[in-house]
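Student: Dropping the structure in here first, questions after.
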Amino acid sequence: MGSEPLKVGVLVSGRGSNLQAIIDASEKGDIHARVVVVISDKEEAYALDRARKHGIEALFMDPKAYPSREDHDRAMGDELEKRGVGLICLAGYMRVLSPYFVGRFQGQIINIHPALLPSFPGLHGQLQAMEYGVKISGCTVHFVDKDVDHGPIIIQAAVPVLEDDDEDTLAARILEYEHKIYPRAVQLFAQGRLRIQGRKVIVEGGVTPLWRVTNPSLEE
Ligand code: GAR
């Protein structure tokens, strides 16, 4: 008999398309993980509806109901722990986590960011990349440490920036790859294959790298 799937808690603030990608991968059996609870800091987050449609517990936890960020984070941590969560995925969770929360779940929190970190952290990563004039941007899943969009990198996807892109077209192209790399990162974690060594994440068992992404292409 196989082992129990990893219990995942997902923190969200909005649309929840990355949450959906993780739920879909789980339901298809592509990842040995199950989302057991979704927590939002925004009552109107569509991500909460997505969770409920799949029979997943969805909690709105209002930051204003707690005296401090740390109190809110402590309450979230208690809810996650109560449900035996082994991995916390930030999926468009737009609040900065307290050092308390990051310390409590050290090595168990991962985040997705719509740029190739360490470039363009923070808000509007796609727009920042476009305005800088990079030819290739992408997305990153990384472990969370006490600094925003900063911890050890698990997986990245490179996505070309096209000359006629605007923020929305580039964001949509990147999002398609977010939905591929996030479930992959969850699966690597669920398999126990990720080892953090300083700033680096070693993937045990080896991985197949992909080479030669250029934009423009090398051929005319
Ligand atoms: C995603 O593009 C994610 O990478 C980004 O918010 C969006 C959430 O979309 N996160 C950040 O910018 C974090 N710094 P979703 O709610 O549809 O998953």
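Chain labels follow the order of the structure tokens: the first chain is A, the next B, and so on; residue numbering restarts at 1 in every chain, and ligands are counted from 1 in their shown order.
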Pull the strand (DSSP E or B) assignments for region 2-190 of chain A out of DSSP run on the backbone, and list those residues as a PyMOL selection string.

Tutor: chain A and resi 6-12+33-40+57-60+87-90+109-113+136-143+153-160

Student: May I ask you to write as a PyMOL selection string all residues lying at most 8 Å from ligand 1, with only C-alpha atoms and all ligand atoms counted?

Tutor: chain A and resi 12-20+47+91-94+111-115+121-125+139+148-149+171+174-175+178

Student: Keeping only N, CA and C atoms, write the selected residues to a file as a short mmCIF file (atom, residue, chain, number, x, y, z; two decimals), in the first residue's frame.

Tutor:
```cif
data_model
loop_
_atom_site.label_atom_id
_atom_site.label_comp_id
_atom_site.auth_asym_id
_atom_site.auth_seq_id
_atom_site.Cartn_x
_atom_site.Cartn_y
_atom_site.Cartn_z
N VAL A 12 -4.00 32.21 -0.11
CA VAL A 12 -4.40 32.94 -1.33
C VAL A 12 -4.92 34.33 -0.96
N SER A 13 -5.00 35.19 -1.99
CA SER A 13 -5.65 36.48 -1.80
C SER A 13 -6.62 36.80 -2.93
N GLY A 14 -6.57 36.02 -4.03
CA GLY A 14 -7.34 36.46 -5.20
C GLY A 14 -7.89 35.35 -6.05
N ARG A 15 -7.54 35.44 -7.33
CA ARG A 15 -8.11 34.60 -8.40
C ARG A 15 -7.92 33.09 -8.17
N GLY A 16 -6.75 32.70 -7.75
CA GLY A 16 -6.54 31.29 -7.39
C GLY A 16 -6.30 30.34 -8.56
N SER A 17 -5.76 30.85 -9.67
CA SER A 17 -5.52 29.93 -10.79
C SER A 17 -4.38 28.95 -10.47
N ASN A 18 -3.41 29.37 -9.68
CA ASN A 18 -2.35 28.44 -9.29
C ASN A 18 -2.88 27.40 -8.31
N LEU A 19 -3.76 27.83 -7.41
CA LEU A 19 -4.44 26.87 -6.53
C LEU A 19 -5.13 25.82 -7.40
N GLN A 20 -5.85 26.29 -8.43
CA GLN A 20 -6.58 25.37 -9.31
C GLN A 20 -5.64 24.37 -9.97
N ALA A 47 -10.54 32.36 -5.23
CA ALA A 47 -9.86 31.11 -4.85
C ALA A 47 -10.68 30.33 -3.81
N ALA A 91 -0.02 31.06 -2.99
CA ALA A 91 -0.47 31.11 -4.39
C ALA A 91 -1.19 32.44 -4.59
N GLY A 92 -0.39 33.47 -4.86
CA GLY A 92 -0.99 34.81 -4.97
C GLY A 92 -1.43 35.34 -3.62
N TYR A 93 -0.71 34.94 -2.57
CA TYR A 93 -1.00 35.47 -1.22
C TYR A 93 -0.22 36.77 -1.10
N MET A 94 -0.93 37.89 -1.02
CA MET A 94 -0.29 39.18 -1.18
C MET A 94 0.10 39.87 0.14
N ASN A 111 6.60 29.43 -2.49
CA ASN A 111 5.90 30.55 -3.12
C ASN A 111 6.15 30.53 -4.62
N ILE A 112 5.20 31.08 -5.36
CA ILE A 112 5.43 31.26 -6.80
C ILE A 112 5.49 32.74 -7.11
N HIS A 113 6.43 33.09 -7.99
CA HIS A 113 6.60 34.50 -8.36
C HIS A 113 6.70 34.61 -9.89
N PRO A 114 6.04 35.61 -10.48
CA PRO A 114 5.98 35.68 -11.95
C PRO A 114 7.18 36.40 -12.58
N ALA A 115 8.38 36.02 -12.21
CA ALA A 115 9.61 36.53 -12.83
C ALA A 115 10.72 35.55 -12.50
N PRO A 121 11.64 41.12 -8.05
CA PRO A 121 10.79 40.70 -6.92
C PRO A 121 9.69 41.73 -6.68
N GLY A 122 8.78 41.41 -5.79
CA GLY A 122 7.75 42.38 -5.39
C GLY A 122 6.56 42.36 -6.33
N LEU A 123 5.84 43.47 -6.34
CA LEU A 123 4.61 43.53 -7.12
C LEU A 123 4.90 43.71 -8.61
N HIS A 124 3.98 43.25 -9.45
CA HIS A 124 4.05 43.45 -10.91
C HIS A 124 5.39 43.01 -11.50
N GLY A 125 5.82 41.80 -11.16
CA GLY A 125 7.07 41.26 -11.69
C GLY A 125 7.09 41.25 -13.22
N CYS A 139 9.06 32.46 -14.56
CA CYS A 139 8.47 32.31 -13.23
C CYS A 139 9.34 31.40 -12.38
N VAL A 148 11.15 38.93 1.25
CA VAL A 148 10.12 38.70 0.23
C VAL A 148 10.74 38.22 -1.09
N ASP A 149 10.16 37.18 -1.69
CA ASP A 149 10.58 36.65 -3.00
C ASP A 149 12.09 36.38 -3.03
N ALA A 171 1.85 38.48 -18.85
CA ALA A 171 1.41 37.78 -17.63
C ALA A 171 0.70 36.48 -17.99
N ILE A 174 3.27 33.86 -19.06
CA ILE A 174 4.00 33.36 -17.89
C ILE A 174 3.11 32.46 -17.04
N LEU A 175 1.84 32.86 -16.90
CA LEU A 175 0.91 32.11 -16.05
C LEU A 175 0.77 30.65 -16.50
N GLU A 178 3.48 29.00 -14.92
CA GLU A 178 3.28 28.90 -13.47
C GLU A 178 2.48 27.64 -13.16
#
```

Student: For Ser98 (chain A), list every protein, DNA or RNA residue within 8 Å, evaluated using only C-alpha atoms, and leave out those in the same chain fewer than 5 positions away; present the list as an NGL selection string.

Tutor: :A and (69-70 or 73 or 146)

Student: Can you pull out every residue within 7 Å of region 59-61 of chain A, counting only C-alpha atoms, but drop anything in the same chain fewer than 4 positions away, and send it as a PDB file with N, CA, C and O atoms, in the first residue's frame?

Tutor:
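Contents of the output file out16.pdb:
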```
ATOM      1  N   VAL A  38      -7.699  25.832   2.349  1.00  0.00           N
ATOM      2  CA  VAL A  38      -7.292  27.053   1.654  1.00  0.00           C
ATOM      3  C   VAL A  38      -7.660  28.214   2.565  1.00  0.00           C
ATOM      4  O   VAL A  38      -8.777  28.276   3.093  1.00  0.00           O
ATOM      5  N   ILE A  39      -6.714  29.110   2.787  1.00  0.00           N
ATOM      6  CA  ILE A  39      -6.956  30.261   3.668  1.00  0.00           C
ATOM      7  C   ILE A  39      -6.716  31.539   2.889  1.00  0.00           C
ATOM      8  O   ILE A  39      -5.683  31.696   2.230  1.00  0.00           O
ATOM      9  N   SER A  40      -7.670  32.460   2.988  1.00  0.00           N
ATOM     10  CA  SER A  40      -7.547  33.745   2.301  1.00  0.00           C
ATOM     11  C   SER A  40      -7.598  34.893   3.303  1.00  0.00           C
ATOM     12  O   SER A  40      -8.318  34.831   4.297  1.00  0.00           O
ATOM     13  N   ASP A  41      -6.857  35.958   2.976  1.00  0.00           N
ATOM     14  CA  ASP A  41      -6.950  37.181   3.782  1.00  0.00           C
ATOM     15  C   ASP A  41      -7.976  38.143   3.171  1.00  0.00           C
ATOM     16  O   ASP A  41      -8.151  39.238   3.674  1.00  0.00           O
ATOM     17  N   LYS A  42      -8.589  37.700   2.068  1.00  0.00           N
ATOM     18  CA  LYS A  42      -9.610  38.530   1.408  1.00  0.00           C
ATOM     19  C   LYS A  42     -10.890  37.702   1.292  1.00  0.00           C
ATOM     20  O   LYS A  42     -10.866  36.607   0.721  1.00  0.00           O
ATOM     21  N   GLU A  43     -11.994  38.296   1.785  1.00  0.00           N
ATOM     22  CA  GLU A  43     -13.250  37.535   1.815  1.00  0.00           C
ATOM     23  C   GLU A  43     -13.746  37.210   0.405  1.00  0.00           C
ATOM     24  O   GLU A  43     -14.321  36.146   0.165  1.00  0.00           O
TER      25      GLU A  43
END
```

Student: Apply DSSP to the backbone of this structure and, from region 28-197 of chain A, keep only the residues in helix (DSSP H, G or I); write these as a ChimeraX atom specification.

Tutor: /A:28,46-53,63-65,69-82,99-104,125-132,167-190

Student: Pick out the residues sitting within 12 Å of Gln191 (chain A), and hand them over as a VMD selection string; count only C-alpha atoms, and ignore anything fewer than 3 positions along from it in its own chain.

Tutor: chain A and resid 3 to 6 30 to 33 87 184 to 188 194 to 195 203 to 205

Student: Can you write just those residues out, N, CA and C atoms, as an mmCIF file, in the first residue's frame?

Tutor:
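result.cif was written with the following content:
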```cif
data_model
loop_
_atom_site.group_PDB
_atom_site.id
_atom_site.type_symbol
_atom_site.label_atom_id
_atom_site.label_comp_id
_atom_site.auth_asym_id
_atom_site.auth_seq_id
_atom_site.Cartn_x
_atom_site.Cartn_y
_atom_site.Cartn_z
ATOM 1 N N SER A 3 2.006 5.318 0.511
ATOM 2 C CA SER A 3 1.916 6.206 1.670
ATOM 3 C C SER A 3 0.776 7.193 1.469
ATOM 4 N N GLU A 4 0.374 7.803 2.579
ATOM 5 C CA GLU A 4 -0.659 8.852 2.544
ATOM 6 C C GLU A 4 -0.174 10.035 1.723
ATOM 7 N N PRO A 5 -1.050 10.657 0.920
ATOM 8 C CA PRO A 5 -0.602 11.860 0.206
ATOM 9 C C PRO A 5 -0.234 12.980 1.174
ATOM 10 N N LEU A 6 0.724 13.789 0.762
ATOM 11 C CA LEU A 6 1.129 14.963 1.543
ATOM 12 C C LEU A 6 -0.062 15.905 1.685
ATOM 13 N N ASP A 30 -1.452 13.282 -10.592
ATOM 14 C CA ASP A 30 -0.102 13.648 -11.060
ATOM 15 C C ASP A 30 0.826 13.972 -9.892
ATOM 16 N N ILE A 31 0.265 14.351 -8.762
ATOM 17 C CA ILE A 31 1.100 14.651 -7.590
ATOM 18 C C ILE A 31 0.559 13.873 -6.396
ATOM 19 N N HIS A 32 1.481 13.437 -5.535
ATOM 20 C CA HIS A 32 1.089 12.653 -4.363
ATOM 21 C C HIS A 32 0.827 13.625 -3.216
ATOM 22 N N ALA A 33 -0.154 14.483 -3.414
ATOM 23 C CA ALA A 33 -0.451 15.557 -2.455
ATOM 24 C C ALA A 33 -1.924 15.929 -2.585
ATOM 25 N N LEU A 87 2.950 20.926 3.982
ATOM 26 C CA LEU A 87 3.488 21.904 3.026
ATOM 27 C C LEU A 87 2.490 23.045 2.898
ATOM 28 N N ARG A 184 4.689 20.723 -10.218
ATOM 29 C CA ARG A 184 5.961 19.963 -10.283
ATOM 30 C C ARG A 184 6.765 20.175 -8.995
ATOM 31 N N ALA A 185 6.799 21.411 -8.513
ATOM 32 C CA ALA A 185 7.523 21.692 -7.271
ATOM 33 C C ALA A 185 6.860 20.965 -6.094
ATOM 34 N N VAL A 186 5.541 20.978 -6.073
ATOM 35 C CA VAL A 186 4.816 20.290 -4.986
ATOM 36 C C VAL A 186 5.138 18.799 -5.016
ATOM 37 N N GLN A 187 5.174 18.230 -6.219
ATOM 38 C CA GLN A 187 5.462 16.799 -6.335
ATOM 39 C C GLN A 187 6.882 16.481 -5.858
ATOM 40 N N LEU A 188 7.855 17.323 -6.235
ATOM 41 C CA LEU A 188 9.233 17.087 -5.784
ATOM 42 C C LEU A 188 9.306 17.143 -4.258
ATOM 43 N N LEU A 194 13.658 17.306 -2.128
ATOM 44 C CA LEU A 194 14.268 18.637 -2.091
ATOM 45 C C LEU A 194 15.090 18.805 -0.826
ATOM 46 N N ARG A 195 16.368 19.092 -1.021
ATOM 47 C CA ARG A 195 17.256 19.325 0.122
ATOM 48 C C ARG A 195 17.826 20.736 0.007
ATOM 49 N N VAL A 203 18.026 18.712 -5.894
ATOM 50 C CA VAL A 203 16.925 17.780 -6.189
ATOM 51 C C VAL A 203 17.508 16.379 -6.210
ATOM 52 N N GLU A 204 17.153 15.605 -5.211
ATOM 53 C CA GLU A 204 17.729 14.262 -5.122
ATOM 54 C C GLU A 204 17.170 13.360 -6.213
ATOM 55 N N GLY A 205 17.980 12.465 -6.686
ATOM 56 C CA GLY A 205 17.558 11.579 -7.774
ATOM 57 C C GLY A 205 17.842 12.187 -9.133
#
```

Student: Please indicate the distance in Å from CA of Glu176 (chain A) to CA of Ile196 (chain A), rounded to one decimal place.

Tutor: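 Interatomic distance, CA of Glu176 (chain A) to CA of Ile196 (chain A): 26.8 Å.
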
Student: Write out as a list in words which residues come within 12 Å of Lys82 (chain A) when counting only C-alpha atoms, dropping same-chain ones fewer than 5 positions away.

Tutor: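 Counting only C-alpha atoms, the residues come to Lys7, Gly9, Val36, Val37, Ala75, Met76 and Gly77 of chain A.
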
Student: Those residues you just picked out, can you put them in a file as a PDB file, in the first residue's frame with N, CA, C and O atoms?

Tutor:
```
ATOM      1  N   LYS A   7      -0.278  16.402   2.904  1.00  0.00           N
ATOM      2  CA  LYS A   7      -1.366  17.367   3.122  1.00  0.00           C
ATOM      3  C   LYS A   7      -0.840  18.780   2.878  1.00  0.00           C
ATOM      4  O   LYS A   7       0.148  19.195   3.488  1.00  0.00           O
ATOM      5  N   GLY A   9      -1.623  22.966   2.570  1.00  0.00           N
ATOM      6  CA  GLY A   9      -2.459  24.133   2.849  1.00  0.00           C
ATOM      7  C   GLY A   9      -2.056  25.233   1.883  1.00  0.00           C
ATOM      8  O   GLY A   9      -0.865  25.413   1.624  1.00  0.00           O
ATOM      9  N   VAL A  36      -5.818  20.300   1.640  1.00  0.00           N
ATOM     10  CA  VAL A  36      -6.798  20.034   2.697  1.00  0.00           C
ATOM     11  C   VAL A  36      -7.435  21.312   3.225  1.00  0.00           C
ATOM     12  O   VAL A  36      -8.502  21.266   3.838  1.00  0.00           O
ATOM     13  N   VAL A  37      -6.781  22.450   2.996  1.00  0.00           N
ATOM     14  CA  VAL A  37      -7.375  23.711   3.451  1.00  0.00           C
ATOM     15  C   VAL A  37      -6.811  24.871   2.628  1.00  0.00           C
ATOM     16  O   VAL A  37      -5.644  24.862   2.230  1.00  0.00           O
ATOM     17  N   ALA A  75      -2.705  32.479  14.223  1.00  0.00           N
ATOM     18  CA  ALA A  75      -4.024  31.840  14.065  1.00  0.00           C
ATOM     19  C   ALA A  75      -4.041  30.992  12.789  1.00  0.00           C
ATOM     20  O   ALA A  75      -4.565  29.867  12.782  1.00  0.00           O
ATOM     21  N   MET A  76      -3.449  31.515  11.709  1.00  0.00           N
ATOM     22  CA  MET A  76      -3.385  30.718  10.465  1.00  0.00           C
ATOM     23  C   MET A  76      -2.556  29.465  10.697  1.00  0.00           C
ATOM     24  O   MET A  76      -2.931  28.367  10.279  1.00  0.00           O
ATOM     25  N   GLY A  77      -1.444  29.642  11.369  1.00  0.00           N
ATOM     26  CA  GLY A  77      -0.557  28.512  11.652  1.00  0.00           C
ATOM     27  C   GLY A  77      -1.278  27.431  12.445  1.00  0.00           C
ATOM     28  O   GLY A  77      -1.119  26.235  12.171  1.00  0.00           O
TER      29      GLY A  77
END
```

Student: Which polymer residues have any atom within 10 Å of an atom of His142 (chain A), counting only C-alpha atoms, with same-chain residues fewer than 5 positions away left out, as a ChimeraX atom specification?

Tutor: /A:109-113,117,149-156,182,185,201

Student: Measuring between only C-alpha atoms, which one of A:Ala129, A:Ile23, A:Ala65, A:Leu97 shows the shortest distance to Leu170 (chain A)?

Tutor: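 Closest to Leu170 (chain A) of all the choices is A:Ala129.
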
Student: Taking only C-alpha atoms into account, which of A:Gly86, A:Asp71, A:Leu11, A:Gln106 comes nearest Ala45 (chain A)?

Tutor: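 Ranking A:Gly86, A:Asp71, A:Leu11, A:Gln106 by distance to Ala45 (chain A), first place goes to A:Leu11.
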
Student: From the options A:Thr140, A:Thr208, A:Ser119, A:Asn215, which residue's atoms come nearest to Glu163 (chain A), counting only C-alpha atoms?

Tutor: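 Under the stated criterion, the closest residue is A:Asn215.
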
Student: Record the distance separating CA of His72 (chain A) and CA of Ser26 (chain A), expressed in Å with one decimal.

Tutor: 28.4 Å
